[in-house]
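Listing of model32.cif; format and content: mmCIF, N, CA and C atoms.
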```
data_work
loop_
_atom_site.label_atom_id
_atom_site.label_comp_id
_atom_site.auth_asym_id
_atom_site.auth_seq_id
_atom_site.Cartn_x
_atom_site.Cartn_y
_atom_site.Cartn_z
N MET A 1 -1.00 -32.06 101.56
CA MET A 1 -1.26 -32.53 100.21
C MET A 1 -0.46 -31.72 99.19
N ALA A 2 -0.39 -30.42 99.40
CA ALA A 2 0.36 -29.56 98.49
C ALA A 2 1.84 -29.91 98.53
N ARG A 3 2.34 -30.22 99.72
CA ARG A 3 3.75 -30.60 99.85
C ARG A 3 4.04 -31.90 99.10
N LEU A 4 3.14 -32.85 99.24
CA LEU A 4 3.31 -34.14 98.57
C LEU A 4 3.30 -33.95 97.05
N LEU A 5 2.39 -33.14 96.56
CA LEU A 5 2.30 -32.86 95.13
C LEU A 5 3.57 -32.15 94.65
N ALA A 6 4.05 -31.19 95.40
CA ALA A 6 5.28 -30.48 95.04
C ALA A 6 6.48 -31.43 95.04
N LEU A 7 6.54 -32.32 96.02
CA LEU A 7 7.63 -33.28 96.11
C LEU A 7 7.59 -34.25 94.92
N LEU A 8 6.41 -34.71 94.54
CA LEU A 8 6.27 -35.59 93.38
C LEU A 8 6.69 -34.89 92.09
N CYS A 9 6.32 -33.63 91.96
CA CYS A 9 6.72 -32.86 90.77
C CYS A 9 8.23 -32.71 90.70
N MET A 10 8.85 -32.37 91.81
CA MET A 10 10.30 -32.22 91.85
C MET A 10 10.99 -33.55 91.53
N PHE A 11 10.48 -34.64 92.07
CA PHE A 11 11.04 -35.96 91.83
C PHE A 11 10.94 -36.31 90.34
N SER A 12 9.82 -36.01 89.72
CA SER A 12 9.62 -36.27 88.30
C SER A 12 10.59 -35.46 87.45
N ILE A 13 10.79 -34.22 87.82
CA ILE A 13 11.71 -33.36 87.07
C ILE A 13 13.13 -33.89 87.18
N VAL A 14 13.54 -34.27 88.37
CA VAL A 14 14.89 -34.80 88.57
C VAL A 14 15.08 -36.08 87.77
N LEU A 15 14.11 -36.97 87.77
CA LEU A 15 14.22 -38.20 86.99
C LEU A 15 14.30 -37.90 85.50
N GLY A 16 13.52 -36.95 85.06
CA GLY A 16 13.52 -36.58 83.64
C GLY A 16 14.85 -36.01 83.21
N CYS A 17 15.49 -35.23 84.04
CA CYS A 17 16.78 -34.64 83.71
C CYS A 17 17.91 -35.65 83.81
N ALA A 18 17.78 -36.59 84.73
CA ALA A 18 18.87 -37.53 84.97
C ALA A 18 18.91 -38.66 83.95
N SER A 19 17.79 -38.99 83.35
CA SER A 19 17.77 -40.11 82.41
C SER A 19 17.91 -39.61 80.98
N ALA A 20 18.64 -40.36 80.20
CA ALA A 20 18.80 -40.05 78.78
C ALA A 20 18.44 -41.31 78.00
N PRO A 21 17.86 -41.14 76.83
CA PRO A 21 17.53 -42.32 76.04
C PRO A 21 18.79 -43.11 75.69
N ALA A 22 18.72 -44.42 75.84
CA ALA A 22 19.89 -45.26 75.60
C ALA A 22 20.23 -45.35 74.12
N ASP A 23 19.24 -45.19 73.26
CA ASP A 23 19.46 -45.35 71.84
C ASP A 23 19.08 -44.06 71.12
N SER A 24 19.88 -43.02 71.29
CA SER A 24 19.57 -41.74 70.69
C SER A 24 19.80 -41.80 69.18
N GLU A 25 19.31 -40.79 68.47
CA GLU A 25 19.47 -40.73 67.01
C GLU A 25 20.94 -40.74 66.63
N ARG A 26 21.77 -40.04 67.37
CA ARG A 26 23.20 -39.98 67.06
C ARG A 26 23.85 -41.36 67.18
N GLU A 27 23.43 -42.15 68.17
CA GLU A 27 24.05 -43.44 68.39
C GLU A 27 23.63 -44.47 67.35
N ARG A 28 22.51 -44.30 66.72
CA ARG A 28 22.06 -45.29 65.76
C ARG A 28 22.10 -44.77 64.32
N TYR A 29 22.79 -43.68 64.07
CA TYR A 29 22.91 -43.13 62.72
C TYR A 29 23.63 -44.13 61.82
N ALA A 30 23.03 -44.46 60.71
CA ALA A 30 23.62 -45.38 59.74
C ALA A 30 24.17 -44.55 58.58
N PHE A 31 25.47 -44.65 58.35
CA PHE A 31 26.10 -43.91 57.28
C PHE A 31 25.66 -44.48 55.95
N PRO A 32 25.21 -43.65 55.00
CA PRO A 32 24.83 -44.16 53.68
C PRO A 32 26.01 -44.88 53.02
N ALA A 33 25.76 -46.03 52.45
CA ALA A 33 26.82 -46.86 51.87
C ALA A 33 27.54 -46.16 50.72
N ASP A 34 26.81 -45.38 49.94
CA ASP A 34 27.41 -44.74 48.77
C ASP A 34 27.89 -43.32 49.05
N ALA A 35 27.95 -42.92 50.30
CA ALA A 35 28.33 -41.55 50.65
C ALA A 35 29.83 -41.34 50.53
N ILE A 36 30.18 -40.09 50.32
CA ILE A 36 31.58 -39.68 50.36
C ILE A 36 31.76 -39.02 51.73
N VAL A 37 32.76 -39.46 52.47
CA VAL A 37 33.01 -38.90 53.79
C VAL A 37 34.36 -38.20 53.76
N LEU A 38 34.33 -36.91 54.04
CA LEU A 38 35.54 -36.10 53.99
C LEU A 38 35.80 -35.41 55.32
N ARG A 39 37.05 -35.27 55.65
CA ARG A 39 37.46 -34.42 56.77
C ARG A 39 37.85 -33.10 56.12
N VAL A 40 37.23 -32.01 56.57
CA VAL A 40 37.41 -30.73 55.90
C VAL A 40 37.65 -29.58 56.88
N GLU A 41 38.13 -28.49 56.31
CA GLU A 41 38.18 -27.20 57.00
C GLU A 41 37.35 -26.23 56.17
N VAL A 42 36.27 -25.77 56.73
CA VAL A 42 35.37 -24.87 56.02
C VAL A 42 36.04 -23.49 55.89
N VAL A 43 36.04 -22.97 54.67
CA VAL A 43 36.64 -21.66 54.43
C VAL A 43 35.61 -20.59 54.07
N ASP A 44 34.39 -21.02 53.70
CA ASP A 44 33.36 -20.04 53.35
C ASP A 44 31.98 -20.65 53.59
N VAL A 45 31.09 -19.90 54.22
CA VAL A 45 29.72 -20.31 54.47
C VAL A 45 28.80 -19.20 53.97
N ARG A 46 27.76 -19.59 53.26
CA ARG A 46 26.81 -18.59 52.74
C ARG A 46 25.37 -19.01 53.03
N PHE A 47 24.61 -18.05 53.50
CA PHE A 47 23.17 -18.21 53.74
C PHE A 47 22.47 -18.05 52.40
N THR A 48 21.55 -18.96 52.06
CA THR A 48 20.89 -18.89 50.76
C THR A 48 19.51 -18.26 50.79
N ASP A 49 18.89 -18.16 51.95
CA ASP A 49 17.51 -17.68 52.09
C ASP A 49 16.51 -18.64 51.44
N LEU A 50 16.94 -19.85 51.11
CA LEU A 50 16.05 -20.87 50.57
C LEU A 50 15.72 -21.86 51.66
N HIS A 51 14.49 -22.30 51.68
CA HIS A 51 14.04 -23.25 52.70
C HIS A 51 13.01 -24.20 52.10
N PRO A 52 12.83 -25.36 52.74
CA PRO A 52 11.78 -26.26 52.27
C PRO A 52 10.42 -25.56 52.38
N GLY A 53 9.56 -25.83 51.46
CA GLY A 53 8.25 -25.19 51.46
C GLY A 53 7.43 -25.54 52.69
N CYS A 54 6.45 -24.72 52.96
CA CYS A 54 5.59 -24.92 54.13
C CYS A 54 4.28 -25.61 53.76
N GLY A 55 4.12 -25.92 52.50
CA GLY A 55 2.89 -26.59 52.09
C GLY A 55 1.68 -25.68 52.21
N GLU A 56 0.64 -26.19 52.82
CA GLU A 56 -0.62 -25.46 52.93
C GLU A 56 -0.71 -24.58 54.17
N VAL A 57 0.35 -24.48 54.94
CA VAL A 57 0.33 -23.74 56.19
C VAL A 57 0.37 -22.23 55.93
N GLU A 58 -0.58 -21.52 56.54
CA GLU A 58 -0.58 -20.06 56.44
C GLU A 58 0.38 -19.48 57.47
N ASN A 59 0.92 -18.32 57.18
CA ASN A 59 1.83 -17.62 58.10
C ASN A 59 2.98 -18.52 58.54
N CYS A 60 3.54 -19.21 57.61
CA CYS A 60 4.64 -20.14 57.88
C CYS A 60 5.90 -19.37 58.26
N ILE A 61 6.57 -19.82 59.29
CA ILE A 61 7.86 -19.27 59.67
C ILE A 61 8.88 -20.39 59.52
N PRO A 62 9.68 -20.34 58.48
CA PRO A 62 10.67 -21.42 58.27
C PRO A 62 11.68 -21.47 59.41
N PHE A 63 12.07 -22.67 59.77
CA PHE A 63 13.04 -22.85 60.84
C PHE A 63 14.39 -23.27 60.29
N TYR A 64 14.40 -24.00 59.17
CA TYR A 64 15.64 -24.47 58.55
C TYR A 64 15.81 -23.85 57.17
N TYR A 65 17.05 -23.50 56.87
CA TYR A 65 17.40 -22.92 55.58
C TYR A 65 18.59 -23.69 54.99
N TRP A 66 18.73 -23.58 53.67
CA TRP A 66 19.89 -24.17 53.01
C TRP A 66 21.06 -23.21 53.13
N TRP A 67 22.20 -23.73 53.56
CA TRP A 67 23.45 -22.99 53.64
C TRP A 67 24.44 -23.66 52.70
N THR A 68 25.26 -22.89 52.01
CA THR A 68 26.29 -23.48 51.16
C THR A 68 27.65 -23.33 51.83
N TYR A 69 28.47 -24.34 51.64
CA TYR A 69 29.80 -24.39 52.23
C TYR A 69 30.84 -24.61 51.15
N ARG A 70 31.98 -23.98 51.32
CA ARG A 70 33.17 -24.28 50.52
C ARG A 70 34.25 -24.65 51.52
N ALA A 71 34.90 -25.78 51.29
CA ALA A 71 35.86 -26.27 52.28
C ALA A 71 37.08 -26.87 51.62
N GLN A 72 38.19 -26.80 52.33
CA GLN A 72 39.42 -27.47 51.90
C GLN A 72 39.36 -28.90 52.42
N VAL A 73 39.69 -29.84 51.56
CA VAL A 73 39.67 -31.24 51.94
C VAL A 73 40.99 -31.58 52.63
N LYS A 74 40.88 -32.04 53.88
CA LYS A 74 42.06 -32.46 54.63
C LYS A 74 42.35 -33.95 54.43
N GLU A 75 41.25 -34.72 54.29
CA GLU A 75 41.40 -36.17 54.20
C GLU A 75 40.14 -36.78 53.60
N VAL A 76 40.31 -37.79 52.77
CA VAL A 76 39.18 -38.58 52.26
C VAL A 76 39.07 -39.79 53.18
N VAL A 77 37.99 -39.84 53.94
CA VAL A 77 37.79 -40.93 54.90
C VAL A 77 37.20 -42.15 54.20
N SER A 78 36.21 -41.93 53.34
CA SER A 78 35.67 -43.02 52.53
C SER A 78 35.04 -42.45 51.26
N GLY A 79 34.97 -43.29 50.25
CA GLY A 79 34.47 -42.85 48.96
C GLY A 79 35.62 -42.35 48.09
N VAL A 80 35.27 -41.76 46.98
CA VAL A 80 36.27 -41.28 46.03
C VAL A 80 36.14 -39.77 45.89
N TRP A 81 37.24 -39.06 46.16
CA TRP A 81 37.29 -37.60 46.00
C TRP A 81 38.72 -37.22 45.68
N ALA A 82 38.95 -36.48 44.59
CA ALA A 82 40.30 -36.14 44.18
C ALA A 82 40.59 -34.64 44.20
N GLU A 83 39.59 -33.82 44.44
CA GLU A 83 39.77 -32.36 44.39
C GLU A 83 40.29 -31.83 45.73
N PRO A 84 41.03 -30.72 45.72
CA PRO A 84 41.52 -30.13 46.97
C PRO A 84 40.43 -29.39 47.75
N GLU A 85 39.33 -29.04 47.07
CA GLU A 85 38.21 -28.35 47.72
C GLU A 85 36.90 -29.07 47.40
N VAL A 86 35.90 -28.78 48.21
CA VAL A 86 34.57 -29.34 47.99
C VAL A 86 33.55 -28.26 48.30
N GLU A 87 32.46 -28.28 47.55
CA GLU A 87 31.35 -27.37 47.82
C GLU A 87 30.12 -28.23 48.07
N PHE A 88 29.41 -27.91 49.13
CA PHE A 88 28.21 -28.67 49.49
C PHE A 88 27.20 -27.75 50.15
N MET A 89 26.00 -28.27 50.32
CA MET A 89 24.95 -27.51 51.01
C MET A 89 24.46 -28.32 52.19
N ARG A 90 23.87 -27.60 53.13
CA ARG A 90 23.35 -28.27 54.33
C ARG A 90 22.10 -27.52 54.80
N LEU A 91 21.08 -28.27 55.18
CA LEU A 91 19.85 -27.70 55.72
C LEU A 91 20.03 -27.58 57.23
N GLN A 92 20.00 -26.34 57.73
CA GLN A 92 20.22 -26.12 59.16
C GLN A 92 19.58 -24.80 59.59
N HIS A 93 19.52 -24.63 60.92
CA HIS A 93 18.86 -23.45 61.48
C HIS A 93 19.73 -22.20 61.39
N GLY A 94 20.99 -22.32 61.76
CA GLY A 94 21.87 -21.15 61.77
C GLY A 94 23.30 -21.55 61.45
N GLU A 95 24.15 -20.55 61.38
CA GLU A 95 25.55 -20.80 61.04
C GLU A 95 26.32 -21.31 62.25
N TYR A 96 27.17 -22.30 62.01
CA TYR A 96 28.03 -22.82 63.07
C TYR A 96 29.10 -21.79 63.41
N ILE A 97 29.60 -21.85 64.63
CA ILE A 97 30.75 -21.03 64.98
C ILE A 97 31.98 -21.64 64.30
N PRO A 98 33.00 -20.84 64.02
CA PRO A 98 34.17 -21.35 63.31
C PRO A 98 34.86 -22.53 64.00
N ALA A 99 34.81 -22.61 65.31
CA ALA A 99 35.45 -23.72 66.03
C ALA A 99 34.85 -25.07 65.62
N VAL A 100 33.59 -25.10 65.22
CA VAL A 100 32.92 -26.34 64.82
C VAL A 100 33.39 -26.78 63.43
N THR A 101 33.54 -25.84 62.52
CA THR A 101 33.82 -26.18 61.13
C THR A 101 35.30 -26.09 60.75
N LYS A 102 36.15 -25.72 61.68
CA LYS A 102 37.59 -25.65 61.38
C LYS A 102 38.15 -27.04 61.08
N ASP A 103 37.67 -28.05 61.76
CA ASP A 103 38.09 -29.43 61.52
C ASP A 103 36.87 -30.30 61.75
N CYS A 104 36.17 -30.62 60.67
CA CYS A 104 34.94 -31.40 60.80
C CYS A 104 34.87 -32.48 59.72
N TYR A 105 33.93 -33.36 59.90
CA TYR A 105 33.70 -34.47 58.97
C TYR A 105 32.32 -34.29 58.36
N VAL A 106 32.24 -34.42 57.03
CA VAL A 106 30.95 -34.31 56.37
C VAL A 106 30.65 -35.60 55.61
N VAL A 107 29.42 -36.04 55.74
CA VAL A 107 28.93 -37.21 55.02
C VAL A 107 28.12 -36.65 53.85
N LEU A 108 28.65 -36.79 52.65
CA LEU A 108 28.07 -36.15 51.47
C LEU A 108 27.36 -37.16 50.57
N ARG A 109 26.27 -36.70 49.98
CA ARG A 109 25.53 -37.48 49.00
C ARG A 109 25.09 -36.53 47.90
N PRO A 110 24.75 -37.04 46.72
CA PRO A 110 24.32 -36.15 45.63
C PRO A 110 23.00 -35.45 45.99
N ALA A 111 22.91 -34.20 45.59
CA ALA A 111 21.67 -33.44 45.79
C ALA A 111 20.66 -33.86 44.73
N GLY A 112 19.39 -33.76 45.06
CA GLY A 112 18.33 -34.03 44.09
C GLY A 112 18.39 -33.01 42.96
N GLY A 113 17.88 -33.39 41.81
CA GLY A 113 17.95 -32.54 40.62
C GLY A 113 17.39 -31.14 40.81
N GLU A 114 16.20 -31.05 41.38
CA GLU A 114 15.55 -29.74 41.57
C GLU A 114 16.33 -28.89 42.57
N LEU A 115 16.74 -29.49 43.65
CA LEU A 115 17.50 -28.78 44.68
C LEU A 115 18.85 -28.32 44.12
N GLN A 116 19.49 -29.19 43.37
CA GLN A 116 20.78 -28.87 42.76
C GLN A 116 20.64 -27.68 41.81
N LYS A 117 19.56 -27.67 41.05
CA LYS A 117 19.31 -26.58 40.11
C LYS A 117 19.02 -25.27 40.85
N THR A 118 18.25 -25.34 41.92
CA THR A 118 17.86 -24.15 42.67
C THR A 118 19.03 -23.53 43.42
N VAL A 119 19.80 -24.36 44.13
CA VAL A 119 20.90 -23.86 44.97
C VAL A 119 22.19 -23.72 44.17
N GLY A 120 22.36 -24.59 43.17
CA GLY A 120 23.56 -24.52 42.35
C GLY A 120 24.75 -25.29 42.91
N VAL A 121 24.48 -26.24 43.80
CA VAL A 121 25.52 -27.06 44.41
C VAL A 121 25.14 -28.52 44.23
N ALA A 122 26.12 -29.36 43.88
CA ALA A 122 25.84 -30.75 43.53
C ALA A 122 25.74 -31.71 44.70
N LEU A 123 26.31 -31.35 45.86
CA LEU A 123 26.35 -32.27 47.00
C LEU A 123 25.60 -31.71 48.20
N VAL A 124 25.00 -32.63 48.96
CA VAL A 124 24.31 -32.28 50.20
C VAL A 124 25.02 -32.99 51.35
N ALA A 125 25.24 -32.26 52.43
CA ALA A 125 25.81 -32.88 53.63
C ALA A 125 24.67 -33.57 54.37
N ASP A 126 24.71 -34.90 54.37
CA ASP A 126 23.73 -35.68 55.11
C ASP A 126 23.92 -35.43 56.60
N ARG A 127 25.18 -35.36 57.02
CA ARG A 127 25.53 -35.05 58.41
C ARG A 127 26.84 -34.29 58.45
N LEU A 128 27.03 -33.54 59.50
CA LEU A 128 28.29 -32.85 59.76
C LEU A 128 28.66 -33.18 61.20
N PHE A 129 29.85 -33.73 61.38
CA PHE A 129 30.33 -34.10 62.71
C PHE A 129 31.56 -33.29 63.05
N SER A 130 31.67 -32.88 64.31
CA SER A 130 32.82 -32.11 64.75
C SER A 130 33.27 -32.59 66.12
N ARG A 131 34.58 -32.62 66.33
CA ARG A 131 35.10 -32.97 67.65
C ARG A 131 34.72 -31.91 68.68
N PHE A 132 34.30 -30.76 68.22
CA PHE A 132 33.84 -29.70 69.11
C PHE A 132 32.68 -30.19 69.97
N PHE A 133 31.83 -31.04 69.38
CA PHE A 133 30.69 -31.60 70.11
C PHE A 133 31.07 -32.95 70.70
N LYS A 134 30.99 -33.06 71.99
CA LYS A 134 31.38 -34.29 72.69
C LYS A 134 30.60 -35.50 72.16
N ALA A 135 29.33 -35.32 71.86
CA ALA A 135 28.49 -36.42 71.38
C ALA A 135 28.92 -36.92 70.00
N ASP A 136 29.61 -36.10 69.22
CA ASP A 136 30.06 -36.51 67.88
C ASP A 136 31.33 -37.35 67.91
N ARG A 137 32.10 -37.26 68.98
CA ARG A 137 33.41 -37.93 69.04
C ARG A 137 33.34 -39.44 68.83
N PRO A 138 32.40 -40.16 69.49
CA PRO A 138 32.32 -41.61 69.22
C PRO A 138 31.93 -41.93 67.78
N LEU A 139 31.09 -41.09 67.19
CA LEU A 139 30.69 -41.31 65.80
C LEU A 139 31.85 -41.07 64.85
N ILE A 140 32.67 -40.07 65.15
CA ILE A 140 33.85 -39.82 64.32
C ILE A 140 34.80 -41.01 64.41
N LYS A 141 34.96 -41.51 65.61
CA LYS A 141 35.84 -42.67 65.81
C LYS A 141 35.31 -43.87 65.02
N ALA A 142 34.02 -44.12 65.06
CA ALA A 142 33.41 -45.21 64.31
C ALA A 142 33.53 -44.99 62.81
N LEU A 143 33.36 -43.76 62.41
CA LEU A 143 33.48 -43.41 60.99
C LEU A 143 34.89 -43.69 60.49
N ARG A 144 35.87 -43.30 61.27
CA ARG A 144 37.27 -43.52 60.89
C ARG A 144 37.63 -45.01 60.91
N ALA A 145 36.94 -45.77 61.75
CA ALA A 145 37.21 -47.21 61.84
C ALA A 145 36.51 -47.98 60.71
N GLY A 146 35.70 -47.27 59.92
CA GLY A 146 35.02 -47.92 58.82
C GLY A 146 33.64 -48.43 59.13
N ALA A 147 33.05 -47.98 60.23
CA ALA A 147 31.70 -48.43 60.61
C ALA A 147 30.65 -47.86 59.69
#
```
Just give me the structure of the file as structure tokens.
Amino acid sequence: MARLLALLCMFSIVLGCASAPADSERERYAFPADAIVLRVEVVDVRFTDLHPGCGEVENCIPFYYWWTYRAQVKEVVSGVWAEPEVEFMRLQHGEYIPAVTKDCYVVLRPAGGELQKTVGVALVADRLFSRFFKADRPLIKALRAGA
């Protein structure tokens, strides 16, 4: 009986590892219609120590913080942008390695008034895509094709 139970557990683990959801969040991401999409090279990243509030939770340990980015614009993929540089913020857990942000695509939207006032940056990166991540490559291709 113990062998059968162990075999069933192993079989369940193997099935769980082998299967992936067919419609992951990355595959069904809808680009905001009014977004500015830029291909950039990040030249400066700064940790802000600001995070979304924890509400009524005691002993809250924030997991995501706002980071600010300054980047050189390599290409305007969609939307209107005329400046050689862009500054934006992104809510994330930690800093990316330079290989990710050396050549990446950012989907930018205006920051909310309160957030803009607090952080001092006008744009928020809704998403950041990099060829460094294999899963981002089809989305970059779709983005460039105008999807």
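Picture a line from atom N of A:Leu50 to atom N of A:Trp66; it runs 4.9 Å.
The shell of residues at most 6 Å from A:Gln72, with only N, CA and C atoms counted and near chain neighbours (fewer than 4 positions) removed, consists of Arg39, Val40, Glu41, Val42, Val43, Pro84, Glu85 and Val86 of chain A.
Evaluated against this file, the PyMOL selection byres ((chain A and resi 106) around 7) yields Ile36, Val37, Leu38, Arg39, Val40, Cys104, Tyr105, Val107, Leu108, Ala125, Asp126, Arg127, Leu128 and Phe129 of chain A.
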Identify, on the basis of all atoms listed in the file, every residue whose closest approach to A:Phe47 does not exceed 8 Å; exclude the query and any residue fewer than 3 positions from it along the same chain; express the result as a list in words.
Asp44, Leu50, Tyr65, Trp66, Trp67, Thr68 and Tyr69 of chain A
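When the PyMOL selection byres (((chain A and resi 110 and name CA) around 9) and name CA) is evaluated against the file, it yields Ala35, Leu108, Arg109, Ala111, Gly112, Gly113, Gln116, Ala122, Leu123, Val124 and Ala125 of chain A.
The point (15.3, -19.9, 54.8) has these residues within 7 Å of it, counting only N, CA and C atoms: Thr48, Asp49, Leu50, His51, Pro52, Pro62, Phe63, Tyr64, Tyr65 and Trp66 of chain A.
The interatomic distance for the pair atom C of A:Thr118 and atom C of A:Met89 works out to 11.4 Å.
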